$ cat entry.txt   # compact mmCIF, C-alpha atoms and all ligand atoms
# COMPACT_ATOMS: atom_id res chain seq x y z
CA LEU A 1 13.96 -25.38 -9.90
CA PRO A 2 13.20 -21.84 -11.03
CA ASN A 3 15.71 -19.21 -10.11
CA HIS A 4 14.89 -17.79 -6.71
CA ALA A 5 16.91 -14.69 -7.50
CA ASP A 6 14.02 -13.66 -9.74
CA LEU A 7 12.08 -12.29 -6.81
CA GLN A 8 13.40 -9.06 -5.45
CA PRO A 9 12.78 -6.77 -2.53
CA TYR A 10 10.07 -4.22 -3.22
CA ASN A 11 11.72 -0.83 -2.84
CA HIS A 12 8.90 1.65 -3.06
CA ALA A 13 7.10 0.99 0.21
CA VAL A 14 6.64 4.23 2.10
CA ALA A 15 5.50 2.64 5.36
CA GLY A 16 4.85 -0.68 7.03
CA HIS A 17 6.88 -3.80 7.69
CA ASP A 18 9.92 -4.94 5.74
CA GLY A 19 9.94 -8.07 3.68
CA THR A 20 7.62 -7.20 0.82
CA LEU A 21 8.57 -8.56 -2.58
CA SER A 22 8.01 -7.84 -6.22
CA ASP A 23 8.64 -9.79 -9.39
CA PRO A 24 11.14 -8.63 -12.03
CA ASN A 25 8.45 -6.92 -14.11
CA GLY A 26 7.13 -5.13 -11.06
CA GLU A 27 3.47 -5.95 -11.73
CA LEU A 28 3.01 -7.80 -8.46
CA PHE A 29 3.24 -6.82 -4.82
CA ILE A 30 3.69 -9.78 -2.46
CA LYS A 31 3.25 -9.13 1.24
CA PRO A 32 3.49 -11.58 4.13
CA CYS A 33 0.28 -11.12 6.10
CA VAL A 34 -2.00 -12.43 8.79
CA GLN A 35 -4.99 -14.66 8.04
CA GLN A 36 -7.40 -11.82 8.86
CA GLU A 37 -6.17 -9.79 5.89
CA ILE A 38 -6.60 -12.72 3.52
CA LYS A 39 -10.12 -13.29 4.83
CA PHE A 40 -11.00 -9.63 4.31
CA TYR A 41 -9.70 -9.63 0.71
CA GLU A 42 -11.48 -12.90 -0.11
CA GLU A 43 -14.80 -11.65 1.15
CA ALA A 44 -14.45 -8.30 -0.59
CA PHE A 45 -13.71 -9.89 -3.97
CA GLU A 46 -16.42 -12.51 -3.55
CA LYS A 47 -19.28 -10.44 -2.18
CA HIS A 48 -18.58 -6.71 -2.32
CA PRO A 49 -17.51 -5.64 -5.83
CA ASP A 50 -17.87 -1.91 -5.12
CA PHE A 51 -15.60 -2.19 -2.13
CA ALA A 52 -13.17 -4.46 -4.02
CA SER A 53 -12.85 -1.77 -6.70
CA LEU A 54 -11.21 0.44 -4.07
CA MET A 55 -8.57 -2.20 -3.31
CA PRO A 56 -5.51 -3.32 -5.27
CA VAL A 57 -6.47 -6.28 -7.45
CA TYR A 58 -6.22 -9.40 -5.30
CA LEU A 59 -4.70 -12.35 -7.12
CA GLY A 60 -4.64 -14.88 -4.32
CA THR A 61 -2.37 -16.12 -1.59
CA LEU A 62 0.86 -17.99 -1.35
CA SER A 63 1.70 -20.43 1.37
CA LEU A 64 5.33 -21.17 1.12
CA ASN A 65 7.65 -23.65 2.72
CA SER A 66 10.09 -26.29 1.64
CA ALA A 67 7.29 -28.82 1.31
CA THR A 68 5.39 -26.70 -1.18
CA ASP A 69 5.00 -28.47 -4.48
CA VAL A 70 6.01 -26.05 -7.18
CA GLU A 71 3.64 -27.66 -9.66
CA SER A 72 0.67 -27.14 -7.34
CA LEU A 73 1.05 -23.41 -7.40
CA GLU A 74 -1.30 -22.82 -10.27
CA GLU A 75 -4.04 -24.20 -8.04
CA GLN A 76 -2.77 -22.26 -5.05
CA LEU A 77 -3.28 -19.01 -6.85
CA PRO A 78 -7.00 -18.97 -7.45
CA VAL A 79 -7.25 -15.94 -9.62
CA ILE A 80 -10.52 -14.50 -8.49
CA ALA A 81 -10.85 -11.58 -10.82
CA ASP A 82 -11.76 -12.90 -14.26
CA HIS A 83 -10.79 -9.67 -15.91
CA LEU A 84 -7.10 -10.09 -15.20
CA SER A 85 -5.06 -10.40 -18.31
CA GLN A 86 -3.62 -13.80 -19.11
CA GLY A 87 -0.19 -12.22 -18.98
CA LEU A 88 -0.70 -11.14 -15.39
CA LYS A 89 -1.93 -14.59 -14.39
CA GLU A 90 1.13 -16.22 -15.90
CA GLU A 91 3.30 -13.66 -14.18
CA ALA A 92 1.70 -14.43 -10.83
CA VAL A 93 2.37 -18.12 -11.18
CA ARG A 94 5.93 -17.48 -12.30
CA ALA A 95 6.61 -15.18 -9.36
CA ALA A 96 5.10 -17.70 -6.99
CA LYS A 97 7.36 -20.44 -8.29
CA ALA A 98 10.36 -18.21 -7.80
CA ALA A 99 9.23 -17.49 -4.25
CA VAL A 100 8.98 -21.17 -3.47
CA ALA A 101 12.45 -21.72 -4.80
CA GLU A 102 13.60 -19.02 -2.43
CA ALA A 103 11.90 -20.73 0.49
CA VAL A 104 13.54 -24.00 -0.43
CA ALA A 105 16.95 -22.35 -0.68
CA GLU A 106 16.48 -20.71 2.72
CA ASP A 107 15.40 -23.96 4.20
CA ALA A 108 18.46 -25.73 2.87
CA ALA A 109 20.66 -22.98 4.28
CA GLY A 110 18.92 -23.27 7.65
CA GLN A 111 19.52 -27.06 7.72
CA GLY A 112 15.98 -28.08 8.49
CA GLU A 113 15.21 -25.38 11.01
CA ASP A 114 11.89 -23.54 11.03
CA VAL A 115 10.76 -23.65 7.41
CA ARG A 116 8.31 -20.75 7.56
CA TRP A 117 8.83 -18.36 4.74
CA LYS A 118 10.46 -15.22 6.04
CA PRO A 119 11.67 -13.06 3.17
CA ASN A 120 13.18 -10.71 5.68
CA LYS A 121 14.36 -11.79 9.09
CA ASN A 122 13.35 -8.48 10.62
CA ARG A 123 9.75 -8.92 9.76
CA LYS A 124 7.62 -8.97 12.87
CA ILE A 125 4.71 -10.95 11.48
CA PRO A 126 5.44 -14.67 11.96
CA THR A 127 3.70 -16.07 8.93
CA ASN A 128 4.18 -18.34 5.96
CA GLN A 129 1.23 -16.77 4.20
CA SER A 130 1.35 -13.90 1.74
CA VAL A 131 -1.17 -11.95 -0.26
CA VAL A 132 -0.36 -11.49 -3.92
CA LEU A 133 -1.63 -8.11 -5.09
CA GLU A 134 -1.44 -5.83 -8.06
CA ASN A 135 1.54 -3.52 -7.55
CA THR A 136 -0.15 -0.14 -7.59
CA THR A 137 3.06 1.65 -8.59
CA TYR A 138 3.52 -0.41 -11.75
CA GLY A 139 3.61 1.64 -14.93
CA PHE A 140 4.65 4.90 -13.30
CA LYS A 141 7.96 6.46 -14.29
CA LYS A 142 8.57 8.27 -11.00
CA PRO A 143 5.75 7.40 -8.60
CA ASN A 144 5.04 9.94 -5.87
CA ILE A 145 3.44 8.00 -3.01
CA LEU A 146 1.60 9.01 0.16
CA ASP A 147 0.26 6.53 2.73
CA ALA A 148 -2.54 8.08 4.82
CA LYS A 149 -3.29 5.91 7.85
CA LEU A 150 -6.99 6.14 8.66
CA GLY A 151 -8.78 6.41 12.00
CA GLN A 152 -8.93 8.34 15.20
CA ARG A 153 -8.96 5.05 17.03
CA LEU A 154 -6.13 2.90 15.65
CA TRP A 155 -6.56 -0.38 17.53
CA ALA A 156 -8.96 -3.27 16.99
CA ASP A 157 -11.13 -4.90 19.63
CA ASP A 158 -8.61 -7.71 20.18
CA ALA A 159 -5.74 -5.34 21.06
CA PRO A 160 -4.19 -5.65 24.53
CA THR A 161 -4.40 -2.70 26.95
CA GLU A 162 -0.79 -1.73 26.42
CA LYS A 163 -1.32 -1.36 22.65
CA ARG A 164 -4.55 0.60 23.10
CA GLN A 165 -2.84 3.09 25.37
CA ARG A 166 0.20 3.43 23.12
CA PHE A 167 -1.92 3.99 19.99
CA ASP A 168 -4.28 6.40 21.78
CA ALA A 169 -1.27 8.45 22.86
CA ILE A 170 -0.07 8.61 19.23
CA SER A 171 -3.53 9.55 17.98
CA LYS A 172 -3.83 12.30 20.55
CA VAL A 173 -0.68 14.13 19.42
CA THR A 174 -1.03 13.58 15.66
CA THR A 175 -3.58 14.40 12.97
CA ASN A 176 -5.19 11.01 13.65
CA GLY A 177 -6.75 12.80 16.60
CA SER A 178 -7.67 16.05 14.83
CA HIS A 179 -8.44 14.76 11.31
CA GLY A 180 -8.89 10.99 11.54
CA PHE A 181 -5.79 10.29 9.41
CA ARG A 182 -2.05 10.85 9.52
CA ILE A 183 0.71 10.67 6.94
CA ALA A 184 2.40 7.32 7.66
CA GLY A 185 4.96 7.84 4.91
CA MET A 186 5.52 9.81 1.75
CA ARG A 187 7.97 10.10 -1.15
CA VAL A 188 8.26 12.92 -3.64
CA TYR A 189 10.43 12.84 -6.76
CA LYS A 190 12.84 15.81 -6.65
CA GLY A 191 11.10 16.89 -3.47
CA SER A 192 13.93 19.13 -2.32
CA ASP A 193 16.49 21.60 -3.61
CA LYS A 194 19.11 20.18 -1.29
CA PRO A 195 20.84 17.13 -2.78
CA GLU A 196 21.50 15.77 0.72
CA GLU A 197 17.76 15.52 1.28
CA LEU A 198 17.27 13.26 -1.74
CA ASP A 199 17.93 9.54 -2.01
CA SER A 200 19.96 7.99 -4.82
CA ASP A 201 16.86 7.93 -7.07
CA SER A 202 16.24 11.65 -6.41
CA TYR A 203 13.26 11.12 -4.11
CA ARG A 204 12.68 12.98 -0.89
CA VAL A 205 11.53 10.27 1.48
CA TYR A 206 9.43 11.18 4.52
CA LYS A 207 9.57 8.35 7.05
CA LYS A 208 7.08 7.48 9.75
CA ASP A 209 8.39 10.03 12.27
CA TYR A 210 7.47 12.83 9.88
CA GLY A 211 3.73 12.25 10.24
CA ARG A 212 4.12 11.68 13.96
CA LEU A 213 6.34 14.59 14.94
CA GLN A 214 6.32 17.22 12.21
CA VAL A 215 2.83 17.22 10.79
CA ASN A 216 0.09 18.72 12.96
CA LYS A 217 -3.43 20.05 12.62
CA ASP A 218 -2.17 23.53 11.72
CA ASN A 219 0.31 22.61 8.97
CA VAL A 220 -1.22 19.44 7.50
CA VAL A 221 -2.67 21.12 4.40
CA GLY A 222 0.69 22.71 3.62
CA GLU A 223 2.47 19.38 4.08
CA ILE A 224 0.13 17.61 1.65
CA ARG A 225 0.63 20.54 -0.71
CA LYS A 226 4.31 19.48 -0.85
CA PHE A 227 3.14 16.13 -2.17
CA ILE A 228 0.87 17.54 -4.89
CA PHE A 229 2.66 20.66 -6.09
CA ASN A 230 6.32 20.42 -7.02
CA ALA A 231 7.71 22.92 -9.51
CA ARG A 232 11.15 21.29 -9.20
CA ALA A 233 9.79 18.29 -11.07
CA GLY A 234 7.64 20.35 -13.44
CA ILE A 235 4.39 19.97 -11.50
CA ASP A 236 3.14 23.52 -11.56
CA GLU A 237 -0.04 25.04 -10.14
CA ASP A 238 -2.29 23.93 -13.02
CA LEU A 239 -1.01 20.38 -13.16
CA GLY A 240 -1.13 20.04 -9.36
CA GLN A 241 -4.72 21.27 -9.31
CA ALA A 242 -5.69 18.74 -11.97
CA ILE A 243 -4.18 15.91 -9.91
CA ALA A 244 -5.81 17.20 -6.71
CA GLN A 245 -9.15 17.22 -8.55
CA ALA A 246 -8.63 13.66 -9.75
CA PHE A 247 -7.86 12.48 -6.20
CA LEU A 248 -10.85 14.48 -4.93
CA ASP A 249 -13.22 12.66 -7.29
CA ASP A 250 -11.84 9.30 -6.15
CA LEU A 251 -12.00 10.30 -2.46
CA ARG A 252 -15.68 11.14 -2.85
CA ARG A 253 -16.24 7.75 -4.37
CA VAL A 254 -14.35 6.11 -1.46
CA ALA A 255 -16.59 7.95 1.03
CA GLU A 256 -19.69 6.82 -0.84
CA VAL A 257 -18.63 3.17 -0.94
CA LEU A 258 -17.57 3.16 2.73
CA SER A 259 -20.88 4.75 3.71
CA ASN A 260 -22.68 1.81 2.12
CA ALA A 261 -20.38 -0.89 3.50
CA GLU A 262 -20.40 -2.51 6.92
CA THR A 263 -16.76 -2.85 7.88
CA ARG A 264 -14.49 -2.01 10.77
CA MET A 265 -10.94 -1.21 9.73
CA TYR A 266 -8.28 -0.12 12.17
CA SER A 267 -5.08 1.41 10.77
CA ALA A 268 -6.03 0.75 7.16
CA SER A 269 -4.55 3.27 4.72
CA LEU A 270 -5.38 5.22 1.63
CA LEU A 271 -2.46 4.88 -0.76
CA PHE A 272 -2.10 7.89 -3.07
CA THR A 273 0.15 7.45 -6.10
CA TYR A 274 0.67 9.71 -9.09
CA GLU A 275 3.28 10.36 -11.74
CA GLY A 276 5.88 12.54 -10.05
CA ASP A 277 7.78 13.50 -13.20
CA GLY A 278 5.93 16.55 -14.54
CA GLU A 279 6.87 15.95 -18.15
CA ALA A 280 5.81 12.29 -18.02
CA LEU A 281 2.62 13.29 -16.20
CA ARG A 282 1.70 15.85 -18.85
CA ALA A 283 2.43 13.37 -21.63
CA ALA A 284 0.33 10.69 -19.92
CA ILE A 285 -2.64 13.04 -19.60
CA VAL A 286 -2.37 14.12 -23.23
CA GLU A 287 -2.20 10.50 -24.35
CA ALA A 288 -5.18 9.57 -22.19
CA ALA A 289 -7.17 12.49 -23.53
CA SER A 290 -6.47 11.73 -27.18
CA PHE A 291 -7.19 8.05 -26.57
CA SER A 292 -10.47 9.01 -24.97
CA GLU A 293 -11.30 11.18 -27.98
CA SER A 294 -10.48 8.54 -30.58
CA SER A 295 -12.35 5.91 -28.61
CA GLU A 296 -15.45 8.11 -28.57
CA ARG A 297 -15.07 8.67 -32.28
CA ARG A 298 -14.92 4.92 -32.81
CA LYS A 299 -18.12 4.52 -30.85
CA GLN A 300 -19.78 7.24 -32.90
CA ASP A 301 -18.71 5.50 -36.09
CA GLN A 302 -20.27 2.31 -34.79
CA VAL A 303 -23.66 3.98 -34.40
CA GLY A 304 -23.37 5.48 -37.87
CA ASP A 305 -25.39 8.56 -38.65
CA ASP A 306 -28.03 7.91 -36.07
CA LYS A 307 -27.57 11.06 -34.00
CA ALA A 308 -30.45 10.06 -31.76
CA ILE A 309 -28.43 7.37 -30.10
CA VAL A 310 -26.95 8.68 -26.88
CA MET A 311 -23.32 7.89 -26.39
CA GLU A 312 -22.47 5.36 -23.80
CA GLU A 313 -20.92 6.73 -20.61
CA PRO A 314 -17.40 5.51 -19.93
CA VAL A 315 -17.11 2.52 -17.60
CA GLY A 316 -17.02 3.30 -13.91
CA LYS A 317 -16.13 6.56 -12.33
CA GLY A 318 -14.71 9.35 -14.38
CA THR A 319 -12.97 12.60 -13.92
CA THR A 320 -12.74 15.55 -16.21
CA LEU A 321 -9.37 17.06 -16.90
CA ASP A 322 -9.06 20.12 -19.02
CA ALA A 323 -6.80 18.84 -21.75
CA GLU A 324 -5.92 22.28 -23.00
CA LEU A 325 -4.72 23.10 -19.55
CA VAL A 326 -2.18 20.34 -19.66
CA SER A 327 -1.26 20.14 -23.30
CA GLY A 328 -1.96 23.43 -24.96
CA HIS A 329 -2.83 21.41 -28.07
CA ILE A 330 -6.12 19.72 -27.53
CA GLU A 331 -9.12 21.89 -27.05
CA GLY A 332 -12.00 21.51 -24.74
CA ASP A 333 -12.87 19.32 -21.84
CA LEU A 334 -12.34 15.65 -22.39
CA ARG A 335 -13.68 13.00 -20.19
CA VAL A 336 -10.78 10.93 -19.00
CA MET A 337 -11.93 7.61 -17.79
CA GLU A 338 -11.18 5.27 -14.98
CA PHE A 339 -8.00 4.14 -16.69
CA LEU A 340 -6.36 7.23 -15.32
CA GLY A 341 -6.18 5.14 -12.24
CA ASP A 342 -7.23 1.58 -12.54
CA ALA A 343 -7.07 -1.63 -14.43
CA VAL A 344 -10.10 -1.93 -16.62
CA ASP A 345 -12.38 -4.87 -17.12
CA GLY A 346 -14.74 -5.81 -19.89
CA GLU A 347 -14.15 -7.06 -23.39
CA ASP A 348 -14.04 -3.80 -25.24
CA GLU A 349 -11.52 -3.76 -28.07
CA ASP A 350 -10.05 -0.64 -26.51
CA ASP A 351 -8.94 -2.51 -23.43
CA ASP A 352 -5.58 -3.73 -24.65
CA GLU A 353 -4.59 -0.30 -25.80
CA LEU A 354 -6.00 1.12 -22.59
CA SER A 355 -3.80 -0.96 -20.33
CA ASN A 356 -0.72 0.10 -22.27
CA LEU A 357 -1.28 3.78 -21.59
CA PRO A 358 1.14 5.48 -19.20
CA ARG A 359 -0.26 5.86 -15.70
CA ILE A 360 -1.47 9.16 -14.26
CA TYR A 361 -2.66 8.49 -10.74
CA SER A 362 -4.10 5.85 -8.43
CA LEU A 363 -5.94 5.86 -5.11
CA LYS A 364 -6.31 2.55 -3.28
CA LEU A 365 -7.42 1.37 0.12
CA ILE A 366 -4.81 -0.97 1.64
CA ASP A 367 -3.70 -2.74 4.82
CA PHE A 368 -6.48 -4.92 6.20
CA ALA A 369 -4.57 -6.69 8.98
CA HIS A 370 -7.17 -5.35 11.44
CA ALA A 371 -10.24 -5.19 9.23
CA GLU A 372 -13.45 -7.20 9.28
CA TRP A 373 -16.91 -7.30 7.78
CA VAL A 374 -19.62 -6.51 10.34
CA PRO A 375 -23.04 -7.16 8.74
CA GLY A 376 -25.82 -5.24 10.43
CA GLN A 377 -23.55 -2.80 12.27
CA GLY A 378 -23.54 0.08 9.81
CA PRO A 379 -20.69 2.07 8.23
CA ASP A 380 -17.17 2.52 9.61
CA GLU A 381 -17.40 6.10 10.90
CA ASN A 382 -13.90 5.91 12.36
CA SER A 383 -12.33 5.41 8.92
CA LEU A 384 -14.83 7.74 7.23
CA LEU A 385 -13.71 10.59 9.46
CA GLY A 386 -10.27 10.49 7.85
CA VAL A 387 -11.69 10.18 4.34
CA ARG A 388 -13.92 13.22 4.88
CA SER A 389 -11.01 15.29 6.21
CA LEU A 390 -8.99 14.34 3.14
CA ILE A 391 -11.91 15.40 0.93
CA GLU A 392 -11.89 18.83 2.56
CA ILE A 393 -8.13 19.15 2.14
CA PHE A 394 -8.21 18.11 -1.51
CA GLU A 395 -11.08 20.53 -2.15
CA GLU A 396 -8.78 23.24 -0.94
CA LEU A 397 -5.84 22.01 -3.06
CA ALA A 398 -7.98 21.74 -6.21
CA ARG A 399 -9.18 25.35 -5.93
P1 LIG B 1 1.88 -3.21 6.74
O1 LIG B 1 0.90 -4.17 7.30
O2 LIG B 1 3.28 -3.68 6.85
O3 LIG B 1 1.68 -1.80 7.27
P2 LIG B 1 0.77 -2.24 4.22
O4 LIG B 1 -0.28 -3.06 3.53
O5 LIG B 1 0.32 -1.02 4.92
O6 LIG B 1 1.60 -3.20 5.17
O7 LIG B 1 1.86 -1.84 3.13
C1 LIG B 1 3.03 -1.14 3.52
C2 LIG B 1 3.51 -0.24 2.40
O8 LIG B 1 3.70 -1.01 1.21
C3 LIG B 1 2.51 0.85 1.99
O9 LIG B 1 2.74 2.04 2.72
C4 LIG B 1 2.79 1.06 0.52
O10 LIG B 1 3.84 1.98 0.34
C5 LIG B 1 3.25 -0.31 0.06
N1 LIG B 1 2.14 -1.08 -0.57
C6 LIG B 1 1.14 -1.73 0.07
N2 LIG B 1 0.33 -2.36 -0.80
C7 LIG B 1 0.83 -2.10 -2.04
C8 LIG B 1 0.46 -2.48 -3.38
N3 LIG B 1 -0.58 -3.27 -3.63
N4 LIG B 1 1.22 -2.03 -4.38
C9 LIG B 1 2.30 -1.24 -4.15
N5 LIG B 1 2.70 -0.84 -2.94
C10 LIG B 1 1.99 -1.27 -1.88
MN MN B 2 0.33 -0.17 6.89

$ encode --input "entry.txt" --output "structure tokens"
Amino acid sequence: LPNHADLQPYNHAVAGHDGTLSDPNGELFIKPCVQQEIKFYEEAFEKHPDFASLMPVYLGTLSLNSATDVESLEEQLPVIADHLSQGLKEEAVRAAKAAVAEAVAEDAAGQGEDVRWKPNKNRKIPTNQSVVLENTTYGFKKPNILDAKLGQRLWADDAPTEKRQRFDAISKVTTNGSHGFRIAGMRVYKGSDKPEELDSDSYRVYKKDYGRLQVNKDNVVGEIRKFIFNARAGIDEDLGQAIAQAFLDDLRRVAEVLSNAETRMYSASLLFTYEGDGEALRAAIVEAASFSESSERRKQDQVGDDKAIVMEEPVGKGTTLDAELVSGHIEGDLRVMEFLGDAVDGEDEDDDELSNLPRIYSLKLIDFAHAEWVPGQGPDENSLLGVRSLIEIFEELAR
């Protein structure tokens, strides 16, 4: 059997239930989940590519118990996205095998008790199913993370009265009520001058009570400012503005996609991640900019002297960062492509190099435990409310 010790607790979650796992490389995020979340991911990746591009890459599901045949796992992980690298596929299968070994070991220890896979006994969701996702923090040196829980209304149609009342009471006294989102959790590298406010990895961690009790409609912009601007870690005004602008571009894209999708999501989140070490962030932007430049030069070489041929636009969304602003070496505006954030598909020769670049930022929609597709019913205005408020806030931060 593979070594079950290979799977390890995922330590960067800023909110949500315990019991999430990652593999040793950290490329995967494995989360026990309800069937509804799996269904939502499956449908997104099968039928709604624009929407799927807002989500972490979905690799498949794992159903784990002592009866699981380790050799069958390659079939159990139907890798839907063709553009995933072979390395990532192999990694997924390897991590899955390790997870099964863990389930078997637990089962043996429990002497034939309930064999459902429970990576953490405290986990409230009774499930043997997990989603296997791209770990959105992979490739960052010091990821700063903010989980913004979307919606004014936080409960789905199937919620019992008690839950509706409890969640409505929370919404009423938090920015869910005033802005349609609240900070469910946040972590900022070197986010305080006081050593006692930092964890052992030098992060200031804001737990769920922060967004419930300390953040309100009057201070919310200032609180998000603490996430984006952090001179202690070398993220000065210029660098912070560049990151705010990058998030702003992505937020606008999220609003556009949601406006054209027919979903209802309750308590889904926008997960903001960016490089929290100022020096690493600057270096990553410079590298991305010079890569972008050389890649354009390659394309120009390909079309020879024919100046009439218009250069191809970069794949997907783009954002413009003023490279001089961040490097002082490279002049002019350079178009920095989607790879600032996301995995890239296609067969371009640049792709390998692209995926090896250090990460700058990422914005992803997550947590679909209470999400469904509702054809014919129009856009999800409840979630859009929060996205639009965030757009306004990031407009302010980017100025
Ligand atoms: P829950 O249903 O327990 O609330 P979520 O899907 O909201 O689960 O995830 C909880 C936390 O885990 C998030 O706040 C985020 O910090 C982290 N997380 C979720 N999905 C990913 C992912 N794909 N990659 C990295 N971290 C993630
Ligand atoms: Mn959540």

$ residues_near_ligand --input "entry.txt" --ligand "ligand LIG 1 (chain B)" --cutoff "9 Å" --atoms "all atoms listed in the file" --output "MDAnalysis selection string"
chainID A and resid 10:20 22 27:34 55:58 123 125 132:138 145:149 184:186 267:271 364:369

$ atom_distance --input "entry.txt" --atom1 "CA of Pro143 (chain A)" --atom2 "CA of Tyr189 (chain A)"
7.4 Å

$ closest_residue --input "entry.txt" --among "A:Glu42, A:Glu395, A:Glu296, A:Asp380" --to "Arg264 (chain A)" --atoms "only C-alpha atoms"
A:Asp380

$ atom_distance --input "entry.txt" --atom1 "CA of Lys190 (chain A)" --atom2 "CA of Phe291 (chain A)"
29.3 Å

$ residues_around --input "entry.txt" --residues "Trp373 (chain A)" --least-positions-apart "6" --cutoff "8 Å" --atoms "all atoms listed in the file" --output "MDAnalysis selection string"
chainID A and resid 40 262:264

$ residues_around --input "entry.txt" --residues "Asp218 (chain A)" --least-positions-apart "3" --cutoff "12 Å" --atoms "only C-alpha atoms" --output "list in words"
Thr174, Thr175, Ser178, His179, Gln214, Val215, Val221, Gly222, Glu223 and Ile224 of chain A

$ residues_near_point --input "entry.txt" --point "(-12.0, 16.7, -5.5)" --cutoff "7 Å" --atoms "all atoms listed in the file" --output "PyMOL selection string"
chain A and resi 244-249+391+394-395+398

$ atom_distance --input "entry.txt" --atom1 "CA of Tyr266 (chain A)" --atom2 "CA of His48 (chain A)"
19.0 Å

$ closest_residue --input "entry.txt" --among "A:Leu239, A:Lys208, A:Ala231, A:Asn219" --to "ligand MN 2 (chain B)" --atoms "only C-alpha atoms and all ligand atoms"
A:Lys208

$ closest_residue --input "entry.txt" --among "A:Ala242, A:Ala371, A:Gly234, A:Asp201" --to "ligand MN 2 (chain B)" --atoms "all atoms listed in the file"
A:Ala371

$ closest_residue --input "entry.txt" --among "A:Ala284, A:Ala261, A:Val131, A:Leu384" --to "Ile360 (chain A)" --atoms "only C-alpha atoms"
A:Ala284

$ closest_residue --input "entry.txt" --among "A:Gly386, A:Met265, A:Phe45, A:Phe229" --to "ligand MN 2 (chain B)" --atoms "only C-alpha atoms and all ligand atoms"
A:Met265

$ closest_residue --input "entry.txt" --among "A:Tyr41, A:Arg204, A:His370, A:Lys142" --to "ligand MN 2 (chain B)" --atoms "only C-alpha atoms and all ligand atoms"
A:His370

$ residues_around --input "entry.txt" --residues "Ser63 (chain A)" --least-positions-apart "6" --cutoff "7 Å" --atoms "only C-alpha atoms" --output "ChimeraX atom specification"
/A:128-130

$ decode --input "entry.txt" --residues "region 209-247 of chain A" --atoms "C-alpha atoms" --output "PDB file, in the first residue's frame"
ATOM      1  CA  ASP A 209     -15.416  36.515  14.332  1.00  0.00           C
ATOM      2  CA  TYR A 210     -13.462  39.365  12.764  1.00  0.00           C
ATOM      3  CA  GLY A 211     -15.857  39.723   9.835  1.00  0.00           C
ATOM      4  CA  ARG A 212     -18.828  39.221  12.134  1.00  0.00           C
ATOM      5  CA  LEU A 213     -17.965  41.531  14.996  1.00  0.00           C
ATOM      6  CA  GLN A 214     -15.280  43.986  13.935  1.00  0.00           C
ATOM      7  CA  VAL A 215     -15.970  44.786  10.317  1.00  0.00           C
ATOM      8  CA  ASN A 216     -18.983  46.982   9.588  1.00  0.00           C
ATOM      9  CA  LYS A 217     -20.365  49.125   6.793  1.00  0.00           C
ATOM     10  CA  ASP A 218     -18.359  52.150   7.942  1.00  0.00           C
ATOM     11  CA  ASN A 219     -14.912  50.550   8.237  1.00  0.00           C
ATOM     12  CA  VAL A 220     -15.044  47.796   5.603  1.00  0.00           C
ATOM     13  CA  VAL A 221     -12.971  49.665   3.000  1.00  0.00           C
ATOM     14  CA  GLY A 222     -10.263  50.349   5.575  1.00  0.00           C
ATOM     15  CA  GLU A 223     -10.243  46.710   6.668  1.00  0.00           C
ATOM     16  CA  ILE A 224      -9.787  45.473   3.091  1.00  0.00           C
ATOM     17  CA  ARG A 225      -7.071  48.101   2.711  1.00  0.00           C
ATOM     18  CA  LYS A 226      -5.164  46.166   5.412  1.00  0.00           C
ATOM     19  CA  PHE A 227      -5.258  43.156   3.116  1.00  0.00           C
ATOM     20  CA  ILE A 228      -3.987  44.979   0.018  1.00  0.00           C
ATOM     21  CA  PHE A 229      -1.507  47.519   1.362  1.00  0.00           C
ATOM     22  CA  ASN A 230       1.175  46.356   3.755  1.00  0.00           C
ATOM     23  CA  ALA A 231       4.403  48.345   3.939  1.00  0.00           C
ATOM     24  CA  ARG A 232       5.717  45.941   6.604  1.00  0.00           C
ATOM     25  CA  ALA A 233       6.035  43.289   3.903  1.00  0.00           C
ATOM     26  CA  GLY A 234       7.189  45.721   1.213  1.00  0.00           C
ATOM     27  CA  ILE A 235       3.783  46.222  -0.396  1.00  0.00           C
ATOM     28  CA  ASP A 236       3.756  49.968  -0.798  1.00  0.00           C
ATOM     29  CA  GLU A 237       1.134  52.268  -2.297  1.00  0.00           C
ATOM     30  CA  ASP A 238       2.122  51.628  -5.930  1.00  0.00           C
ATOM     31  CA  LEU A 239       2.329  47.868  -5.614  1.00  0.00           C
ATOM     32  CA  GLY A 240      -0.936  47.718  -3.652  1.00  0.00           C
ATOM     33  CA  GLN A 241      -2.691  49.784  -6.299  1.00  0.00           C
ATOM     34  CA  ALA A 242      -1.437  47.469  -9.031  1.00  0.00           C
ATOM     35  CA  ILE A 243      -2.804  44.433  -7.177  1.00  0.00           C
ATOM     36  CA  ALA A 244      -6.104  46.203  -6.466  1.00  0.00           C
ATOM     37  CA  GLN A 245      -6.370  46.969 -10.198  1.00  0.00           C
ATOM     38  CA  ALA A 246      -5.691  43.342 -11.092  1.00  0.00           C
ATOM     39  CA  PHE A 247      -8.419  42.152  -8.690  1.00  0.00           C
TER      40      PHE A 247
END
